[in-house]
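Structure file run-v5.txt (compact mmCIF, N, CA and C atoms) follows.
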```
# COMPACT_ATOMS: atom_id res chain seq x y z
N MET A 1 210.48 269.60 153.10
CA MET A 1 209.75 270.08 151.94
C MET A 1 209.81 271.61 151.84
N LEU A 2 209.70 272.28 152.98
CA LEU A 2 209.73 273.75 152.99
C LEU A 2 211.05 274.27 152.44
N ARG A 3 212.17 273.73 152.92
CA ARG A 3 213.48 274.20 152.47
C ARG A 3 213.69 273.96 150.98
N ALA A 4 213.23 272.82 150.49
CA ALA A 4 213.36 272.52 149.05
C ALA A 4 212.54 273.50 148.22
N ALA A 5 211.31 273.79 148.67
CA ALA A 5 210.46 274.74 147.94
C ALA A 5 211.08 276.13 147.97
N GLU A 6 211.61 276.55 149.11
CA GLU A 6 212.25 277.86 149.20
C GLU A 6 213.46 277.93 148.27
N PHE A 7 214.30 276.90 148.31
CA PHE A 7 215.48 276.88 147.46
C PHE A 7 215.09 276.97 145.99
N LEU A 8 214.16 276.15 145.57
CA LEU A 8 213.76 276.14 144.16
C LEU A 8 213.09 277.45 143.74
N ALA A 9 212.32 278.04 144.65
CA ALA A 9 211.69 279.33 144.34
C ALA A 9 212.76 280.41 144.13
N VAL A 10 213.73 280.46 145.02
CA VAL A 10 214.80 281.46 144.90
C VAL A 10 215.65 281.18 143.67
N PHE A 11 215.95 279.92 143.43
CA PHE A 11 216.77 279.55 142.28
C PHE A 11 216.09 279.96 140.97
N ALA A 12 214.84 279.57 140.78
CA ALA A 12 214.13 279.89 139.54
C ALA A 12 213.93 281.40 139.39
N THR A 13 213.54 282.05 140.48
CA THR A 13 213.30 283.49 140.43
C THR A 13 214.61 284.25 140.20
N GLY A 14 215.68 283.79 140.82
CA GLY A 14 216.98 284.42 140.62
C GLY A 14 217.47 284.31 139.19
N LEU A 15 217.29 283.12 138.60
CA LEU A 15 217.68 282.95 137.20
C LEU A 15 216.83 283.84 136.29
N PHE A 16 215.53 283.89 136.55
CA PHE A 16 214.65 284.74 135.75
C PHE A 16 215.08 286.20 135.87
N ALA A 17 215.23 286.68 137.10
CA ALA A 17 215.56 288.09 137.32
C ALA A 17 216.92 288.44 136.72
N GLY A 18 217.88 287.56 136.88
CA GLY A 18 219.20 287.82 136.32
C GLY A 18 219.18 287.89 134.81
N ALA A 19 218.48 286.97 134.19
CA ALA A 19 218.39 286.97 132.73
C ALA A 19 217.64 288.21 132.24
N ALA A 20 216.57 288.56 132.91
CA ALA A 20 215.79 289.74 132.52
C ALA A 20 216.61 291.01 132.67
N LEU A 21 217.37 291.10 133.76
CA LEU A 21 218.21 292.26 133.98
C LEU A 21 219.29 292.36 132.91
N TYR A 22 219.88 291.23 132.55
CA TYR A 22 220.89 291.22 131.49
C TYR A 22 220.31 291.75 130.17
N VAL A 23 219.10 291.31 129.86
CA VAL A 23 218.46 291.78 128.62
C VAL A 23 218.30 293.29 128.65
N ASN A 24 217.83 293.83 129.79
CA ASN A 24 217.60 295.27 129.87
C ASN A 24 218.87 296.10 129.94
N LEU A 25 219.91 295.58 130.57
CA LEU A 25 221.13 296.37 130.74
C LEU A 25 222.15 296.17 129.64
N ALA A 26 222.13 295.01 128.99
CA ALA A 26 223.18 294.72 128.01
C ALA A 26 222.63 294.38 126.63
N GLU A 27 221.82 293.34 126.55
CA GLU A 27 221.42 292.82 125.24
C GLU A 27 220.57 293.80 124.44
N HIS A 28 219.49 294.29 125.02
CA HIS A 28 218.61 295.18 124.25
C HIS A 28 219.28 296.51 123.91
N PRO A 29 220.00 297.14 124.84
CA PRO A 29 220.71 298.37 124.45
C PRO A 29 221.74 298.12 123.35
N ALA A 30 222.40 296.97 123.38
CA ALA A 30 223.39 296.67 122.33
C ALA A 30 222.71 296.56 120.98
N ARG A 31 221.60 295.85 120.91
CA ARG A 31 220.93 295.72 119.61
C ARG A 31 220.33 297.04 119.16
N MET A 32 219.89 297.87 120.10
CA MET A 32 219.31 299.16 119.75
C MET A 32 220.38 300.16 119.32
N SER A 33 221.64 299.85 119.57
CA SER A 33 222.71 300.73 119.11
C SER A 33 223.00 300.53 117.62
N ARG A 34 222.41 299.50 117.05
CA ARG A 34 222.55 299.21 115.62
C ARG A 34 221.39 299.84 114.86
N ASP A 35 221.43 299.75 113.55
CA ASP A 35 220.28 300.28 112.80
C ASP A 35 219.07 299.38 113.06
N THR A 36 217.91 299.90 112.79
CA THR A 36 216.66 299.24 113.14
C THR A 36 216.52 297.87 112.49
N ARG A 37 216.93 297.76 111.25
CA ARG A 37 216.84 296.48 110.53
C ARG A 37 217.64 295.40 111.26
N VAL A 38 218.85 295.72 111.66
CA VAL A 38 219.70 294.77 112.38
C VAL A 38 219.12 294.48 113.77
N ALA A 39 218.63 295.51 114.44
CA ALA A 39 218.05 295.33 115.78
C ALA A 39 216.89 294.34 115.74
N LEU A 40 216.01 294.48 114.75
CA LEU A 40 214.89 293.55 114.63
C LEU A 40 215.36 292.15 114.27
N GLU A 41 216.34 292.08 113.38
CA GLU A 41 216.87 290.78 112.96
C GLU A 41 217.46 290.02 114.15
N VAL A 42 218.07 290.71 115.08
CA VAL A 42 218.66 290.09 116.26
C VAL A 42 217.59 289.84 117.33
N TRP A 43 216.63 290.74 117.45
CA TRP A 43 215.59 290.61 118.47
C TRP A 43 214.77 289.35 118.28
N ALA A 44 214.38 289.04 117.06
CA ALA A 44 213.44 287.94 116.81
C ALA A 44 213.93 286.59 117.35
N PRO A 45 215.12 286.11 117.00
CA PRO A 45 215.55 284.82 117.56
C PRO A 45 215.83 284.89 119.06
N SER A 46 216.27 286.04 119.53
CA SER A 46 216.51 286.20 120.96
C SER A 46 215.20 286.06 121.73
N TYR A 47 214.15 286.67 121.21
CA TYR A 47 212.82 286.60 121.83
C TYR A 47 212.36 285.15 121.93
N VAL A 48 212.51 284.38 120.86
CA VAL A 48 212.07 282.98 120.86
C VAL A 48 212.85 282.18 121.90
N ARG A 49 214.15 282.33 121.94
CA ARG A 49 214.98 281.59 122.89
C ARG A 49 214.68 282.00 124.33
N ALA A 50 214.55 283.29 124.57
CA ALA A 50 214.29 283.77 125.92
C ALA A 50 212.94 283.28 126.44
N THR A 51 211.95 283.22 125.56
CA THR A 51 210.63 282.74 125.96
C THR A 51 210.72 281.31 126.48
N ARG A 52 211.47 280.49 125.78
CA ARG A 52 211.61 279.07 126.18
C ARG A 52 212.30 278.94 127.54
N MET A 53 213.09 279.92 127.91
CA MET A 53 213.79 279.86 129.18
C MET A 53 213.00 280.58 130.28
N GLN A 54 212.56 281.79 130.01
CA GLN A 54 212.00 282.61 131.07
C GLN A 54 210.60 282.21 131.50
N ALA A 55 209.76 281.77 130.59
CA ALA A 55 208.39 281.38 130.98
C ALA A 55 208.42 280.22 131.99
N PRO A 56 209.17 279.14 131.72
CA PRO A 56 209.22 278.07 132.72
C PRO A 56 209.82 278.51 134.06
N LEU A 57 210.81 279.41 134.03
CA LEU A 57 211.39 279.88 135.28
C LEU A 57 210.37 280.68 136.09
N ALA A 58 209.61 281.53 135.43
CA ALA A 58 208.59 282.32 136.14
C ALA A 58 207.52 281.40 136.73
N ILE A 59 207.11 280.41 135.97
CA ILE A 59 206.09 279.48 136.47
C ILE A 59 206.64 278.65 137.63
N ALA A 60 207.89 278.21 137.52
CA ALA A 60 208.51 277.45 138.62
C ALA A 60 208.63 278.32 139.86
N GLY A 61 209.02 279.59 139.70
CA GLY A 61 209.10 280.50 140.84
C GLY A 61 207.75 280.68 141.51
N LEU A 62 206.72 280.82 140.69
CA LEU A 62 205.35 280.94 141.22
C LEU A 62 204.96 279.69 141.99
N LEU A 63 205.11 278.53 141.37
CA LEU A 63 204.67 277.29 142.01
C LEU A 63 205.46 276.98 143.28
N CYS A 64 206.76 277.18 143.23
CA CYS A 64 207.59 276.89 144.42
C CYS A 64 207.36 277.92 145.52
N GLY A 65 207.12 279.17 145.16
CA GLY A 65 206.78 280.18 146.16
C GLY A 65 205.47 279.84 146.85
N CYS A 66 204.50 279.40 146.07
CA CYS A 66 203.20 279.00 146.65
C CYS A 66 203.36 277.75 147.51
N LEU A 67 204.18 276.83 147.05
CA LEU A 67 204.43 275.61 147.82
C LEU A 67 205.13 275.94 149.14
N ALA A 68 206.08 276.85 149.13
CA ALA A 68 206.75 277.27 150.37
C ALA A 68 205.74 277.89 151.33
N TRP A 69 204.82 278.67 150.81
CA TRP A 69 203.76 279.26 151.64
C TRP A 69 202.88 278.16 152.24
N LEU A 70 202.45 277.23 151.39
CA LEU A 70 201.61 276.13 151.87
C LEU A 70 202.32 275.25 152.90
N ALA A 71 203.64 275.15 152.78
CA ALA A 71 204.42 274.32 153.70
C ALA A 71 204.74 275.05 155.00
N GLY A 72 204.22 276.26 155.16
CA GLY A 72 204.39 276.98 156.42
C GLY A 72 205.47 278.03 156.41
N GLY A 73 205.93 278.42 155.25
CA GLY A 73 207.01 279.41 155.15
C GLY A 73 206.56 280.84 155.38
N GLY A 74 205.29 281.10 155.41
CA GLY A 74 204.79 282.46 155.63
C GLY A 74 204.23 283.08 154.36
N ALA A 75 203.41 284.09 154.57
CA ALA A 75 202.70 284.75 153.48
C ALA A 75 203.62 285.47 152.50
N LEU A 76 204.81 285.84 152.94
CA LEU A 76 205.74 286.52 152.05
C LEU A 76 206.12 285.64 150.86
N TRP A 77 206.17 284.33 151.07
CA TRP A 77 206.47 283.42 149.96
C TRP A 77 205.34 283.45 148.93
N LEU A 78 204.11 283.53 149.40
CA LEU A 78 202.97 283.63 148.48
C LEU A 78 203.04 284.93 147.69
N VAL A 79 203.31 286.03 148.36
CA VAL A 79 203.39 287.33 147.69
C VAL A 79 204.50 287.31 146.64
N ALA A 80 205.67 286.80 147.03
CA ALA A 80 206.80 286.74 146.09
C ALA A 80 206.49 285.82 144.92
N GLY A 81 205.87 284.69 145.20
CA GLY A 81 205.48 283.76 144.14
C GLY A 81 204.50 284.40 143.16
N LEU A 82 203.55 285.11 143.70
CA LEU A 82 202.58 285.79 142.84
C LEU A 82 203.23 286.91 142.03
N LEU A 83 204.21 287.58 142.62
CA LEU A 83 204.93 288.63 141.89
C LEU A 83 205.67 288.05 140.68
N ILE A 84 206.44 286.98 140.90
CA ILE A 84 207.17 286.41 139.77
C ILE A 84 206.19 285.77 138.78
N GLY A 85 205.15 285.18 139.29
CA GLY A 85 204.14 284.59 138.41
C GLY A 85 203.40 285.62 137.58
N SER A 86 203.32 286.86 138.08
CA SER A 86 202.58 287.90 137.37
C SER A 86 203.23 288.30 136.05
N VAL A 87 204.50 287.92 135.85
CA VAL A 87 205.14 288.25 134.58
C VAL A 87 204.50 287.48 133.43
N VAL A 88 203.89 286.33 133.72
CA VAL A 88 203.28 285.54 132.64
C VAL A 88 202.04 286.24 132.09
N PRO A 89 201.04 286.58 132.92
CA PRO A 89 199.90 287.31 132.33
C PRO A 89 200.29 288.69 131.80
N PHE A 90 201.25 289.35 132.44
CA PHE A 90 201.71 290.64 131.92
C PHE A 90 202.27 290.47 130.51
N THR A 91 203.04 289.42 130.32
CA THR A 91 203.60 289.16 129.00
C THR A 91 202.50 288.85 127.99
N LEU A 92 201.58 287.98 128.37
CA LEU A 92 200.52 287.57 127.45
C LEU A 92 199.57 288.71 127.10
N LEU A 93 199.24 289.53 128.08
CA LEU A 93 198.24 290.58 127.85
C LEU A 93 198.84 291.90 127.36
N ILE A 94 200.03 292.24 127.82
CA ILE A 94 200.58 293.56 127.55
C ILE A 94 201.70 293.52 126.51
N ILE A 95 202.62 292.58 126.63
CA ILE A 95 203.79 292.57 125.74
C ILE A 95 203.51 291.82 124.43
N LEU A 96 202.71 290.78 124.48
CA LEU A 96 202.50 289.95 123.29
C LEU A 96 202.00 290.72 122.07
N PRO A 97 201.10 291.68 122.21
CA PRO A 97 200.71 292.45 121.02
C PRO A 97 201.90 293.16 120.35
N THR A 98 202.83 293.67 121.15
CA THR A 98 204.02 294.30 120.58
C THR A 98 204.88 293.26 119.88
N ASN A 99 205.04 292.09 120.51
CA ASN A 99 205.81 291.00 119.89
C ASN A 99 205.20 290.61 118.53
N HIS A 100 203.89 290.47 118.51
CA HIS A 100 203.21 290.09 117.26
C HIS A 100 203.40 291.15 116.18
N ALA A 101 203.33 292.41 116.60
CA ALA A 101 203.52 293.50 115.63
C ALA A 101 204.95 293.46 115.07
N LEU A 102 205.92 293.19 115.93
CA LEU A 102 207.31 293.12 115.47
C LEU A 102 207.55 291.94 114.53
N LEU A 103 206.83 290.85 114.76
CA LEU A 103 207.02 289.64 113.96
C LEU A 103 206.07 289.55 112.76
N ALA A 104 205.24 290.56 112.57
CA ALA A 104 204.24 290.53 111.50
C ALA A 104 204.90 290.39 110.12
N PRO A 105 204.36 289.50 109.31
CA PRO A 105 204.88 289.38 107.94
C PRO A 105 204.72 290.71 107.20
N GLY A 106 205.71 291.04 106.43
CA GLY A 106 205.64 292.28 105.66
C GLY A 106 206.07 293.51 106.43
N ARG A 107 206.48 293.36 107.68
CA ARG A 107 206.91 294.51 108.47
C ARG A 107 208.13 295.14 107.80
N ASP A 108 208.13 296.44 107.69
CA ASP A 108 209.29 297.18 107.18
C ASP A 108 210.32 297.23 108.32
N ALA A 109 211.32 296.37 108.22
CA ALA A 109 212.29 296.20 109.31
C ALA A 109 213.08 297.46 109.60
N GLY A 110 213.18 298.36 108.66
CA GLY A 110 213.97 299.57 108.87
C GLY A 110 213.16 300.79 109.21
N SER A 111 211.86 300.64 109.42
CA SER A 111 210.99 301.81 109.61
C SER A 111 211.10 302.40 111.01
N SER A 112 210.66 303.63 111.12
CA SER A 112 210.62 304.29 112.43
C SER A 112 209.58 303.62 113.32
N GLU A 113 208.53 303.07 112.74
CA GLU A 113 207.52 302.34 113.51
C GLU A 113 208.14 301.09 114.15
N THR A 114 208.99 300.39 113.42
CA THR A 114 209.67 299.22 113.98
C THR A 114 210.57 299.65 115.12
N ARG A 115 211.29 300.75 114.94
CA ARG A 115 212.15 301.27 116.01
C ARG A 115 211.33 301.59 117.24
N ARG A 116 210.18 302.24 117.03
CA ARG A 116 209.30 302.59 118.15
C ARG A 116 208.83 301.34 118.88
N LEU A 117 208.46 300.29 118.12
CA LEU A 117 208.01 299.04 118.74
C LEU A 117 209.13 298.36 119.53
N LEU A 118 210.34 298.38 119.00
CA LEU A 118 211.47 297.80 119.72
C LEU A 118 211.76 298.56 121.02
N THR A 119 211.64 299.88 120.96
CA THR A 119 211.83 300.70 122.16
C THR A 119 210.73 300.39 123.17
N ARG A 120 209.50 300.30 122.69
CA ARG A 120 208.37 299.95 123.57
C ARG A 120 208.59 298.59 124.20
N TRP A 121 209.05 297.62 123.40
CA TRP A 121 209.31 296.29 123.93
C TRP A 121 210.33 296.35 125.08
N GLY A 122 211.40 297.11 124.89
CA GLY A 122 212.40 297.24 125.94
C GLY A 122 211.83 297.83 127.22
N ASN A 123 210.98 298.82 127.08
CA ASN A 123 210.35 299.43 128.26
C ASN A 123 209.41 298.46 128.96
N LEU A 124 208.63 297.71 128.18
CA LEU A 124 207.73 296.73 128.77
C LEU A 124 208.52 295.59 129.43
N HIS A 125 209.60 295.19 128.80
CA HIS A 125 210.42 294.13 129.39
C HIS A 125 211.02 294.59 130.71
N ALA A 126 211.29 295.88 130.85
CA ALA A 126 211.81 296.40 132.11
C ALA A 126 210.82 296.19 133.25
N VAL A 127 209.54 296.22 132.96
CA VAL A 127 208.52 295.94 133.98
C VAL A 127 208.68 294.50 134.46
N ARG A 128 208.87 293.57 133.54
CA ARG A 128 209.10 292.17 133.91
C ARG A 128 210.35 292.04 134.78
N THR A 129 211.38 292.79 134.44
CA THR A 129 212.62 292.75 135.21
C THR A 129 212.37 293.23 136.64
N VAL A 130 211.67 294.33 136.78
CA VAL A 130 211.38 294.87 138.11
C VAL A 130 210.55 293.88 138.92
N LEU A 131 209.54 293.27 138.31
CA LEU A 131 208.73 292.27 139.02
C LEU A 131 209.60 291.11 139.50
N GLY A 132 210.49 290.63 138.63
CA GLY A 132 211.38 289.54 139.01
C GLY A 132 212.32 289.93 140.13
N LEU A 133 212.90 291.12 140.05
CA LEU A 133 213.82 291.57 141.10
C LEU A 133 213.10 291.79 142.43
N LEU A 134 211.89 292.32 142.38
CA LEU A 134 211.10 292.48 143.62
C LEU A 134 210.79 291.13 144.25
N ALA A 135 210.38 290.17 143.43
CA ALA A 135 210.09 288.83 143.95
C ALA A 135 211.35 288.22 144.57
N LEU A 136 212.47 288.35 143.89
CA LEU A 136 213.72 287.81 144.41
C LEU A 136 214.11 288.49 145.72
N ALA A 137 213.97 289.80 145.79
CA ALA A 137 214.31 290.52 147.02
C ALA A 137 213.45 290.06 148.19
N LEU A 138 212.16 289.88 147.95
CA LEU A 138 211.27 289.39 149.01
C LEU A 138 211.66 287.99 149.47
N MET A 139 211.97 287.14 148.51
CA MET A 139 212.38 285.78 148.86
C MET A 139 213.69 285.78 149.65
N ALA A 140 214.64 286.56 149.21
CA ALA A 140 215.92 286.62 149.90
C ALA A 140 215.75 287.19 151.30
N TRP A 141 214.93 288.24 151.41
CA TRP A 141 214.68 288.83 152.71
C TRP A 141 214.03 287.81 153.64
N ARG A 142 213.10 287.04 153.11
CA ARG A 142 212.43 286.03 153.94
C ARG A 142 213.41 284.96 154.41
N LEU A 143 214.38 284.63 153.57
CA LEU A 143 215.37 283.62 153.95
C LEU A 143 216.26 284.09 155.09
N VAL A 144 216.59 285.39 155.12
CA VAL A 144 217.52 285.88 156.14
C VAL A 144 216.84 286.47 157.37
N SER A 145 215.54 286.71 157.29
CA SER A 145 214.85 287.29 158.45
C SER A 145 214.39 286.17 159.38
N PRO A 146 214.33 286.48 160.66
CA PRO A 146 213.93 285.43 161.63
C PRO A 146 212.47 285.06 161.52
```

Structure translated into C-alpha cells:
Amino acid sequence: MLRAAEFLAVFATGLFAGAALYVNLAEHPARMSRDTRVALEVWAPSYVRATRMQAPLAIAGLLCGCLAWLAGGGALWLVAGLLIGSVVPFTLLIILPTNHALLAPGRDAGSSETRRLLTRWGNLHAVRTVLGLLALALMAWRLVSP
C-alpha cells in the first residue's frame, strides 16, 4: 500500500507541476505576446480546460501523499501532500477573484485593465507552479533518501 500511495502521489504531483510549469514558461508568455484581446480570448478556454485537469491532480497528490504518510512513509509525505494540496485553497481564495474579473460579462477585452489582470494571473499561477515543484522535489527526495 505504501509503494502504491508513493507512486500515485509522485505521479499526480509530477503531472500537476509539469503542466503548471509549461503554462508559466510557454503558454502564458505566448498568449501575452499577442494583443490583449487575443490573449484574453485564448486564456478563457485554456483556464477552463486546465482547471478540469489540475484540480483533480492536486487533490490526488494531497490524498496520496497523506496516505503514504499514514502507511508509514514518514512525515515528509504529509508535508509534500499538504504543499500540493495547498494550491486548491490558494486558487479558490487568491486566484479566483482575478479569474472572475477576467471572465466578467462586458469586460473590455482590449483594455489595459484586462492586460493587468492577465499579468497578475500569470504571477499568481507561478505561485501554484512553485508549490507543485516544491512538493514534487520533496517527494522525489523522499523516494531516493534512505

Quick one: residues within 6.5 Å of range 112-120 of chain A, only N, CA and C atoms, excluding same-chain residues fewer than 4 positions away - as a PyMOL selection string?
chain A and resi 36+98+108+124-125

In Å to one decimal, how far is CA of Arg34 in chain A from CA of Leu92 in chain A?
27.6 Å

What does the distance between CA of Ala9 in chain A and atom C of Gly61 in chain A come to in Å, to one decimal place?
5.0 Å

Within 8 Å of Ala4 in chain A, counting all atoms listed in the file, which residues show up once you throw out same-chain ones fewer than 5 positions away? Write them as a PyMOL selection string, please.
chain A and resi 9-10+64+67-68

Atomic separation - atom N of Ser145 in chain A relative to atom C of Leu82 in chain A, Å
19.6 Å

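The closest residue to Gly18 in chain A, picked from A:Gly132, A:Val42, A:Ile84, A:Trp141 and counting all atoms listed in the file, is A:Gly132.
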
Among the residues A:Pro45, A:Pro29, A:Gly81, A:Pro105, the one that comes closest to Met139 in chain A [using only N, CA and C atoms]
A:Gly81

Just list as a VMD selection string whatever in range 67-134 of chain A DSSP marks as alpha helix (DSSP H).
chain A and resid 67 to 68 75 to 85 87 to 90 96 to 103 112 to 134

Print the selection's residues with N, CA and C atoms to a file, as a short mmCIF file (atom, residue, chain, number, x, y, z; two decimals), keeping the file's coordinate frame.
```cif
data_model
loop_
_atom_site.label_atom_id
_atom_site.label_comp_id
_atom_site.auth_asym_id
_atom_site.auth_seq_id
_atom_site.Cartn_x
_atom_site.Cartn_y
_atom_site.Cartn_z
N LEU A 67 204.18 276.83 147.05
CA LEU A 67 204.43 275.61 147.82
C LEU A 67 205.13 275.94 149.14
N ALA A 68 206.08 276.85 149.13
CA ALA A 68 206.75 277.27 150.37
C ALA A 68 205.74 277.89 151.33
N ALA A 75 203.41 284.09 154.57
CA ALA A 75 202.70 284.75 153.48
C ALA A 75 203.62 285.47 152.50
N LEU A 76 204.81 285.84 152.94
CA LEU A 76 205.74 286.52 152.05
C LEU A 76 206.12 285.64 150.86
N TRP A 77 206.17 284.33 151.07
CA TRP A 77 206.47 283.42 149.96
C TRP A 77 205.34 283.45 148.93
N LEU A 78 204.11 283.53 149.40
CA LEU A 78 202.97 283.63 148.48
C LEU A 78 203.04 284.93 147.69
N VAL A 79 203.31 286.03 148.36
CA VAL A 79 203.39 287.33 147.69
C VAL A 79 204.50 287.31 146.64
N ALA A 80 205.67 286.80 147.03
CA ALA A 80 206.80 286.74 146.09
C ALA A 80 206.49 285.82 144.92
N GLY A 81 205.87 284.69 145.20
CA GLY A 81 205.48 283.76 144.14
C GLY A 81 204.50 284.40 143.16
N LEU A 82 203.55 285.11 143.70
CA LEU A 82 202.58 285.79 142.84
C LEU A 82 203.23 286.91 142.03
N LEU A 83 204.21 287.58 142.62
CA LEU A 83 204.93 288.63 141.89
C LEU A 83 205.67 288.05 140.68
N ILE A 84 206.44 286.98 140.90
CA ILE A 84 207.17 286.41 139.77
C ILE A 84 206.19 285.77 138.78
N GLY A 85 205.15 285.18 139.29
CA GLY A 85 204.14 284.59 138.41
C GLY A 85 203.40 285.62 137.58
N VAL A 87 204.50 287.92 135.85
CA VAL A 87 205.14 288.25 134.58
C VAL A 87 204.50 287.48 133.43
N VAL A 88 203.89 286.33 133.72
CA VAL A 88 203.28 285.54 132.64
C VAL A 88 202.04 286.24 132.09
N PRO A 89 201.04 286.58 132.92
CA PRO A 89 199.90 287.31 132.33
C PRO A 89 200.29 288.69 131.80
N PHE A 90 201.25 289.35 132.44
CA PHE A 90 201.71 290.64 131.92
C PHE A 90 202.27 290.47 130.51
N LEU A 96 202.71 290.78 124.48
CA LEU A 96 202.50 289.95 123.29
C LEU A 96 202.00 290.72 122.07
N PRO A 97 201.10 291.68 122.21
CA PRO A 97 200.71 292.45 121.02
C PRO A 97 201.90 293.16 120.35
N THR A 98 202.83 293.67 121.15
CA THR A 98 204.02 294.30 120.58
C THR A 98 204.88 293.26 119.88
N ASN A 99 205.04 292.09 120.51
CA ASN A 99 205.81 291.00 119.89
C ASN A 99 205.20 290.61 118.53
N HIS A 100 203.89 290.47 118.51
CA HIS A 100 203.21 290.09 117.26
C HIS A 100 203.40 291.15 116.18
N ALA A 101 203.33 292.41 116.60
CA ALA A 101 203.52 293.50 115.63
C ALA A 101 204.95 293.46 115.07
N LEU A 102 205.92 293.19 115.93
CA LEU A 102 207.31 293.12 115.47
C LEU A 102 207.55 291.94 114.53
N LEU A 103 206.83 290.85 114.76
CA LEU A 103 207.02 289.64 113.96
C LEU A 103 206.07 289.55 112.76
N SER A 112 210.66 303.63 111.12
CA SER A 112 210.62 304.29 112.43
C SER A 112 209.58 303.62 113.32
N GLU A 113 208.53 303.07 112.74
CA GLU A 113 207.52 302.34 113.51
C GLU A 113 208.14 301.09 114.15
N THR A 114 208.99 300.39 113.42
CA THR A 114 209.67 299.22 113.98
C THR A 114 210.57 299.65 115.12
N ARG A 115 211.29 300.75 114.94
CA ARG A 115 212.15 301.27 116.01
C ARG A 115 211.33 301.59 117.24
N ARG A 116 210.18 302.24 117.03
CA ARG A 116 209.30 302.59 118.15
C ARG A 116 208.83 301.34 118.88
N LEU A 117 208.46 300.29 118.12
CA LEU A 117 208.01 299.04 118.74
C LEU A 117 209.13 298.36 119.53
N LEU A 118 210.34 298.38 119.00
CA LEU A 118 211.47 297.80 119.72
C LEU A 118 211.76 298.56 121.02
N THR A 119 211.64 299.88 120.96
CA THR A 119 211.83 300.70 122.16
C THR A 119 210.73 300.39 123.17
N ARG A 120 209.50 300.30 122.69
CA ARG A 120 208.37 299.95 123.57
C ARG A 120 208.59 298.59 124.20
N TRP A 121 209.05 297.62 123.40
CA TRP A 121 209.31 296.29 123.93
C TRP A 121 210.33 296.35 125.08
N GLY A 122 211.40 297.11 124.89
CA GLY A 122 212.40 297.24 125.94
C GLY A 122 211.83 297.83 127.22
N ASN A 123 210.98 298.82 127.08
CA ASN A 123 210.35 299.43 128.26
C ASN A 123 209.41 298.46 128.96
N LEU A 124 208.63 297.71 128.18
CA LEU A 124 207.73 296.73 128.77
C LEU A 124 208.52 295.59 129.43
N HIS A 125 209.60 295.19 128.80
CA HIS A 125 210.42 294.13 129.39
C HIS A 125 211.02 294.59 130.71
N ALA A 126 211.29 295.88 130.85
CA ALA A 126 211.81 296.40 132.11
C ALA A 126 210.82 296.19 133.25
N VAL A 127 209.54 296.22 132.96
CA VAL A 127 208.52 295.94 133.98
C VAL A 127 208.68 294.50 134.46
N ARG A 128 208.87 293.57 133.54
CA ARG A 128 209.10 292.17 133.91
C ARG A 128 210.35 292.04 134.78
N THR A 129 211.38 292.79 134.44
CA THR A 129 212.62 292.75 135.21
C THR A 129 212.37 293.23 136.64
N VAL A 130 211.67 294.33 136.78
CA VAL A 130 211.38 294.87 138.11
C VAL A 130 210.55 293.88 138.92
N LEU A 131 209.54 293.27 138.31
CA LEU A 131 208.73 292.27 139.02
C LEU A 131 209.60 291.11 139.50
N GLY A 132 210.49 290.63 138.63
CA GLY A 132 211.38 289.54 139.01
C GLY A 132 212.32 289.93 140.13
N LEU A 133 212.90 291.12 140.05
CA LEU A 133 213.82 291.57 141.10
C LEU A 133 213.10 291.79 142.43
N LEU A 134 211.89 292.32 142.38
CA LEU A 134 211.10 292.48 143.62
C LEU A 134 210.79 291.13 144.25
#
```

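Proximity of A:Ala75, A:Ala58, A:Val87, A:Ala50 to Thr129 in chain A, computed with only N, CA and C atoms, is greatest for A:Val87.
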
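The protein and nucleic acid residues lying at most 10 Å from Ala140 in chain A are Glu6, Val10, Gly14, Trp77, Ala80 and Leu134 of chain A, with only C-alpha atoms considered and sequence neighbours fewer than 6 positions away removed.
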
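Restricting the calculation to all atoms listed in the file, the smallest distance between Arg142 in chain A and any of A:Gly73, A:Arg107, A:Val88, A:Leu2 is found for A:Gly73.
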
Which residue out of A:Leu76, A:Leu96, A:Ala60, A:Val130 has the minimum interatomic distance to Ala5 in chain A when only C-alpha atoms are used?
A:Ala60

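Ranking A:Arg128, A:Arg49, A:Leu57, A:His100 by their shortest atom-to-atom distance to Thr13 in chain A, with only C-alpha atoms included, puts A:Leu57 first.
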
Around all the atoms of range 21-27 of chain A listed in the file, with 4 Å of room on each side, what axis-aligned box do you get, giving centre and edge lengths in Å to one decimal, as AutoDock Vina command-line options?
```
--center_x 220.3 --center_y 293.7 --center_z 129.2 --size_x 13.8 --size_y 13.3 --size_z 17.5
```
